[in-house]
Amino acid sequence: MTASAPRVPAARARTARDLRTAAVAACVLALTGAAWVWISRSAVERREKVLASVPAFPARGQEQQSRRADSSRPAAPRKVDPPPAAEPVRAAKADVMTSFVLKPAHNVALVHVNALLNTPLFDRIRRCMPADWETMREGMAQIGIDLERDVDRLAVTADGMAMSGFFDGKPIARNVARTWPDLEEREYRGHAIWLSPYSGIAQIGNLLVVGSRDSMNRLLDRALDPAPESADPQDVYGDVFMRSDLSDVRGPVNGGKPDLMNAILDGLSGVTVRANVWDTVALSVEGKPQPGRSVNDLAGMARGAIALAREQVDPSNVELATLAGLAKVSGSGDALNIDLALPMNDLFDKLHFPCPAGEAGSTSRDPSSSLSPSGP
């Protein structure tokens with residue numbers, strides 16, 4: 001009987017093969033883990049960068065920055081510190097511009113120009129269109145206005161606009177009017193008004209009022225009359241402030257079917273929108289419900305709309321997902337409150353915002369880069 005051949009070499013070969021397979025698997029696992037850690041760290045860093053680009057949400061009592069007070073640019077986003085809870089905010093007397101905004105109107109908007117000029121977002125716009133900005137700056141200089149230092153706030157209503165700044169002692173309105181054809185001058189409530197066939201302008205110290213010929217008396221009344229006793233000047237805050245009774249936006253857009261947003265708007269009697277600007281925009285919406293409508297019901301609808309929007313965000317888009325995570329809805333007392341962080345870079349890209357000075361073909365959305373067109 002013949003003895004069987006030893007099988008030790010075959011067993012050793014199989015063991016060596018198994019060890020090589022295990023080593024390869026371990027290497028693959030290690031590389032996968034390293035890649036996951038790197039991707040996770042990269043996502044965390046990108047998330048932190050996005051959060052750093054978002055200013056604080058508008059808060060009652062916040063102070064507005066003024067380039068005139070400090071021409072240096074801050075190196076970090078502005079953070080708004082609300083007044084301490086233990087110290088009640090005292091109602092301040094409204095200045096002329098705030099009083100202008102507080103008076104009744106279907107729609108009114110107030111922009112703190114100095115605050116916007118002091119943001120990275122505006123820096124990128126200025127770098128994108130240096131020639132246009134220089135032309136605008138020179139045009140304003142010809143009428144006696146330093147665009148980057150003299151303009152403080154700009155308010156807009158259906159009748160026209162008011163601009164406050166450092167104009168006292170400068171004949172700004174007269175300089176503007178001299179460029180108009182068929183110029184006419186008259187007086188109203190002790191102030192000179194210059195009129196063309198279609199436009200009008202007046203100056204009340206540091207306030208310029210501009211509108212149509214027929215609206216000038218109403219604009220001066222709005223600027224000269226005190227704010228209603230029930231109005232609180234502390235309600236006007238944020239880099240941008242807007243108030244609307246929604247009469248212009250009710251109903252389906254372009255005849256389309258009503259959607260959830262239409263339903264929310266129909267349930268509100270008016271909204272106040274406040275925004276702070278940095279690389280991105282922190283937006284707060286305060287809505288007053290229609291008589292008989294429940295704030296809690298409207299808040300539930302708003303949460304549903306935000307949840308639906310979040311579901312449509314690609315999780316790999318860390319920037320957009322981070323901003324979407326900042327959305328918040330609350331309904332308390334007689335007001336619906338919604339906080340949203342808006343990605344201005346994406347918005348400019350979608351609108352194909354022109355950037356003649358940008359590098360050709362660049363589509364970077366880095367908050368530190370210039371705006372660039374995303375396509376034709």
# chains A, B, ... in the order shown; residues from 1 in each chain; ligands from 1
call {"tool": "residues_around", "arguments": {"residues": "Gly165 (chain A)", "least_positions_apart": "3", "cutoff": "12 Å", "atoms": "only C-alpha atoms", "output": "PyMOL selection string"}}
result
chain A and resi 66-68+96-97+112-114+144-155+162+168-170+172+203-209
call {"tool": "select_by_dssp", "arguments": {"residues": "region 112-227 of chain A", "states": "strand (DSSP E or B)", "output": "ChimeraX atom specification"}}
result
/A:112,151-157,160-165,184-188,191-195,199-204,207-212
call {"tool": "write_last_selection", "arguments": {"atoms": "C-alpha atoms", "output": "tab-separated table (two decimals), in the first residue's frame"}}
result
chain	number	residue	atom	x	y	z
A	112	HIS	CA	-28.76	100.75	5.84
A	151	VAL	CA	-24.93	108.00	2.40
A	152	ASP	CA	-26.45	106.47	5.51
A	153	ARG	CA	-29.93	105.03	4.85
A	154	LEU	CA	-32.30	104.73	1.92
A	155	ALA	CA	-36.09	104.31	2.28
A	156	VAL	CA	-38.52	103.49	-0.52
A	157	THR	CA	-42.32	103.76	-0.69
A	160	GLY	CA	-40.83	107.78	-3.95
A	161	MET	CA	-37.72	107.55	-1.82
A	162	ALA	CA	-35.88	109.31	0.98
A	163	MET	CA	-32.10	109.22	1.46
A	164	SER	CA	-30.43	110.23	4.69
A	165	GLY	CA	-26.76	110.96	5.13
A	184	GLU	CA	-39.61	124.88	-11.56
A	185	GLU	CA	-39.13	125.86	-7.92
A	186	ARG	CA	-41.82	126.26	-5.29
A	187	GLU	CA	-42.16	126.05	-1.52
A	188	TYR	CA	-44.14	123.65	0.66
A	191	HIS	CA	-39.04	123.86	2.29
A	192	ALA	CA	-38.04	124.39	-1.34
A	193	ILE	CA	-39.16	121.80	-3.89
A	194	TRP	CA	-37.60	121.60	-7.34
A	195	LEU	CA	-39.83	120.13	-10.05
A	199	SER	CA	-39.96	114.43	-11.12
A	200	GLY	CA	-39.38	116.34	-7.92
A	201	ILE	CA	-36.70	116.66	-5.25
A	202	ALA	CA	-36.44	118.42	-1.89
A	203	GLN	CA	-33.91	118.57	0.94
A	204	ILE	CA	-34.63	118.74	4.66
A	207	LEU	CA	-32.60	114.16	4.24
A	208	LEU	CA	-33.21	114.08	0.48
A	209	VAL	CA	-36.71	113.31	-0.78
A	210	VAL	CA	-37.22	112.26	-4.41
A	211	GLY	CA	-40.41	111.24	-6.20
A	212	SER	CA	-42.81	112.01	-8.99
call {"tool": "atom_distance", "arguments": {"atom1": "CA of Ser196 (chain A)", "atom2": "CA of Ser215 (chain A)"}}
result
12.5 Å
call {"tool": "select_by_dssp", "arguments": {"residues": "region 223-345 of chain A", "states": "alpha helix (DSSP H)", "output": "PyMOL selection string"}}
result
chain A and resi 223-224+260-266+295-311+318-325+344-345
call {"tool": "write_last_selection", "arguments": {"atoms": "N, CA and C atoms", "output": "short mmCIF file (atom, residue, chain, number, x, y, z; two decimals), in the first residue's frame"}}
result
data_model
loop_
_atom_site.label_atom_id
_atom_site.label_comp_id
_atom_site.auth_asym_id
_atom_site.auth_seq_id
_atom_site.Cartn_x
_atom_site.Cartn_y
_atom_site.Cartn_z
N ALA A 223 -42.19 112.94 5.66
CA ALA A 223 -40.91 113.23 6.30
C ALA A 223 -41.05 114.19 7.48
N LEU A 224 -41.99 115.13 7.40
CA LEU A 224 -42.10 116.19 8.41
C LEU A 224 -43.02 115.84 9.57
N LEU A 260 -48.42 75.83 -1.02
CA LEU A 260 -48.33 76.00 0.42
C LEU A 260 -47.92 77.42 0.78
N MET A 261 -47.04 78.02 0.00
CA MET A 261 -46.61 79.38 0.28
C MET A 261 -47.76 80.36 0.10
N ASN A 262 -48.57 80.17 -0.93
CA ASN A 262 -49.75 81.01 -1.12
C ASN A 262 -50.69 80.90 0.07
N ALA A 263 -50.84 79.67 0.58
CA ALA A 263 -51.74 79.45 1.71
C ALA A 263 -51.23 80.18 2.95
N ILE A 264 -49.91 80.18 3.16
CA ILE A 264 -49.34 80.89 4.30
C ILE A 264 -49.56 82.38 4.16
N LEU A 265 -49.29 82.93 2.97
CA LEU A 265 -49.47 84.37 2.73
C LEU A 265 -50.93 84.79 2.90
N ASP A 266 -51.84 83.94 2.44
CA ASP A 266 -53.26 84.25 2.58
C ASP A 266 -53.70 84.28 4.04
N VAL A 295 -52.06 81.22 14.86
CA VAL A 295 -50.61 81.31 14.66
C VAL A 295 -50.00 79.91 14.62
N ASN A 296 -50.48 79.02 15.48
CA ASN A 296 -49.93 77.66 15.52
C ASN A 296 -50.16 76.91 14.21
N ASP A 297 -51.35 77.10 13.60
CA ASP A 297 -51.62 76.46 12.32
C ASP A 297 -50.68 76.98 11.24
N LEU A 298 -50.49 78.30 11.20
CA LEU A 298 -49.59 78.89 10.21
C LEU A 298 -48.15 78.44 10.44
N ALA A 299 -47.75 78.31 11.71
CA ALA A 299 -46.39 77.84 12.01
C ALA A 299 -46.21 76.40 11.54
N GLY A 300 -47.24 75.58 11.71
CA GLY A 300 -47.17 74.20 11.23
C GLY A 300 -47.02 74.14 9.72
N MET A 301 -47.74 74.99 9.01
CA MET A 301 -47.63 75.04 7.55
C MET A 301 -46.24 75.50 7.13
N ALA A 302 -45.68 76.48 7.84
CA ALA A 302 -44.35 76.97 7.51
C ALA A 302 -43.30 75.89 7.76
N ARG A 303 -43.45 75.15 8.86
CA ARG A 303 -42.50 74.05 9.12
C ARG A 303 -42.59 72.99 8.03
N GLY A 304 -43.80 72.71 7.56
CA GLY A 304 -43.96 71.75 6.48
C GLY A 304 -43.28 72.21 5.21
N ALA A 305 -43.40 73.50 4.89
CA ALA A 305 -42.76 74.03 3.68
C ALA A 305 -41.24 73.95 3.79
N ILE A 306 -40.71 74.25 4.98
CA ILE A 306 -39.25 74.18 5.17
C ILE A 306 -38.77 72.74 5.12
N ALA A 307 -39.53 71.82 5.72
CA ALA A 307 -39.15 70.40 5.68
C ALA A 307 -39.11 69.89 4.24
N LEU A 308 -40.09 70.31 3.44
CA LEU A 308 -40.12 69.90 2.04
C LEU A 308 -38.91 70.45 1.29
N ALA A 309 -38.54 71.70 1.58
CA ALA A 309 -37.38 72.29 0.92
C ALA A 309 -36.10 71.57 1.33
N ARG A 310 -36.00 71.19 2.60
CA ARG A 310 -34.80 70.48 3.07
C ARG A 310 -34.65 69.13 2.38
N GLU A 311 -35.77 68.45 2.15
CA GLU A 311 -35.71 67.14 1.49
C GLU A 311 -35.15 67.24 0.08
N VAL A 318 -22.73 70.51 1.09
CA VAL A 318 -22.57 70.86 2.50
C VAL A 318 -23.00 72.28 2.76
N GLU A 319 -22.65 73.20 1.85
CA GLU A 319 -22.96 74.61 2.06
C GLU A 319 -24.46 74.83 2.16
N LEU A 320 -25.19 74.33 1.16
CA LEU A 320 -26.63 74.55 1.14
C LEU A 320 -27.32 73.80 2.28
N ALA A 321 -26.85 72.57 2.56
CA ALA A 321 -27.43 71.79 3.65
C ALA A 321 -27.22 72.49 5.00
N THR A 322 -26.05 73.12 5.18
CA THR A 322 -25.78 73.83 6.42
C THR A 322 -26.73 75.02 6.58
N LEU A 323 -26.90 75.78 5.52
CA LEU A 323 -27.81 76.93 5.58
C LEU A 323 -29.25 76.48 5.81
N ALA A 324 -29.63 75.38 5.16
CA ALA A 324 -30.99 74.87 5.34
C ALA A 324 -31.22 74.46 6.79
N GLY A 325 -30.16 73.97 7.45
CA GLY A 325 -30.30 73.56 8.84
C GLY A 325 -30.51 74.71 9.80
N MET A 344 -26.40 83.69 -0.97
CA MET A 344 -26.37 84.71 -2.01
C MET A 344 -25.51 84.33 -3.19
N ASN A 345 -24.42 83.57 -2.96
CA ASN A 345 -23.57 83.17 -4.09
C ASN A 345 -24.36 82.33 -5.09
#
call {"tool": "residues_around", "arguments": {"residues": "His106 (chain A)", "least_positions_apart": "2", "cutoff": "7 Å", "atoms": "only C-alpha atoms", "output": "PyMOL selection string"}}
result
chain A and resi 108+244-245
call {"tool": "decode", "arguments": {"residues": "region 172-187 of chain A", "atoms": "C-alpha atoms", "output": "CSV table (one decimal), in the first residue's frame"}}
result
chain,number,residue,atom,x,y,z
A,172,ILE,CA,-27.5,118.4,-3.0
A,173,ALA,CA,-31.1,118.8,-4.1
A,174,ARG,CA,-30.4,122.0,-5.9
A,175,ASN,CA,-27.4,120.4,-7.7
A,176,VAL,CA,-29.5,117.5,-8.9
A,177,ALA,CA,-32.4,119.7,-10.0
A,178,ARG,CA,-30.0,121.9,-12.1
A,179,THR,CA,-29.6,118.9,-14.5
A,180,TRP,CA,-33.4,118.7,-15.1
A,181,PRO,CA,-35.2,120.3,-18.1
A,182,ASP,CA,-38.0,122.9,-17.6
A,183,LEU,CA,-37.1,123.4,-13.9
A,184,GLU,CA,-39.6,124.9,-11.6
A,185,GLU,CA,-39.1,125.9,-7.9
A,186,ARG,CA,-41.8,126.3,-5.3
A,187,GLU,CA,-42.2,126.0,-1.5
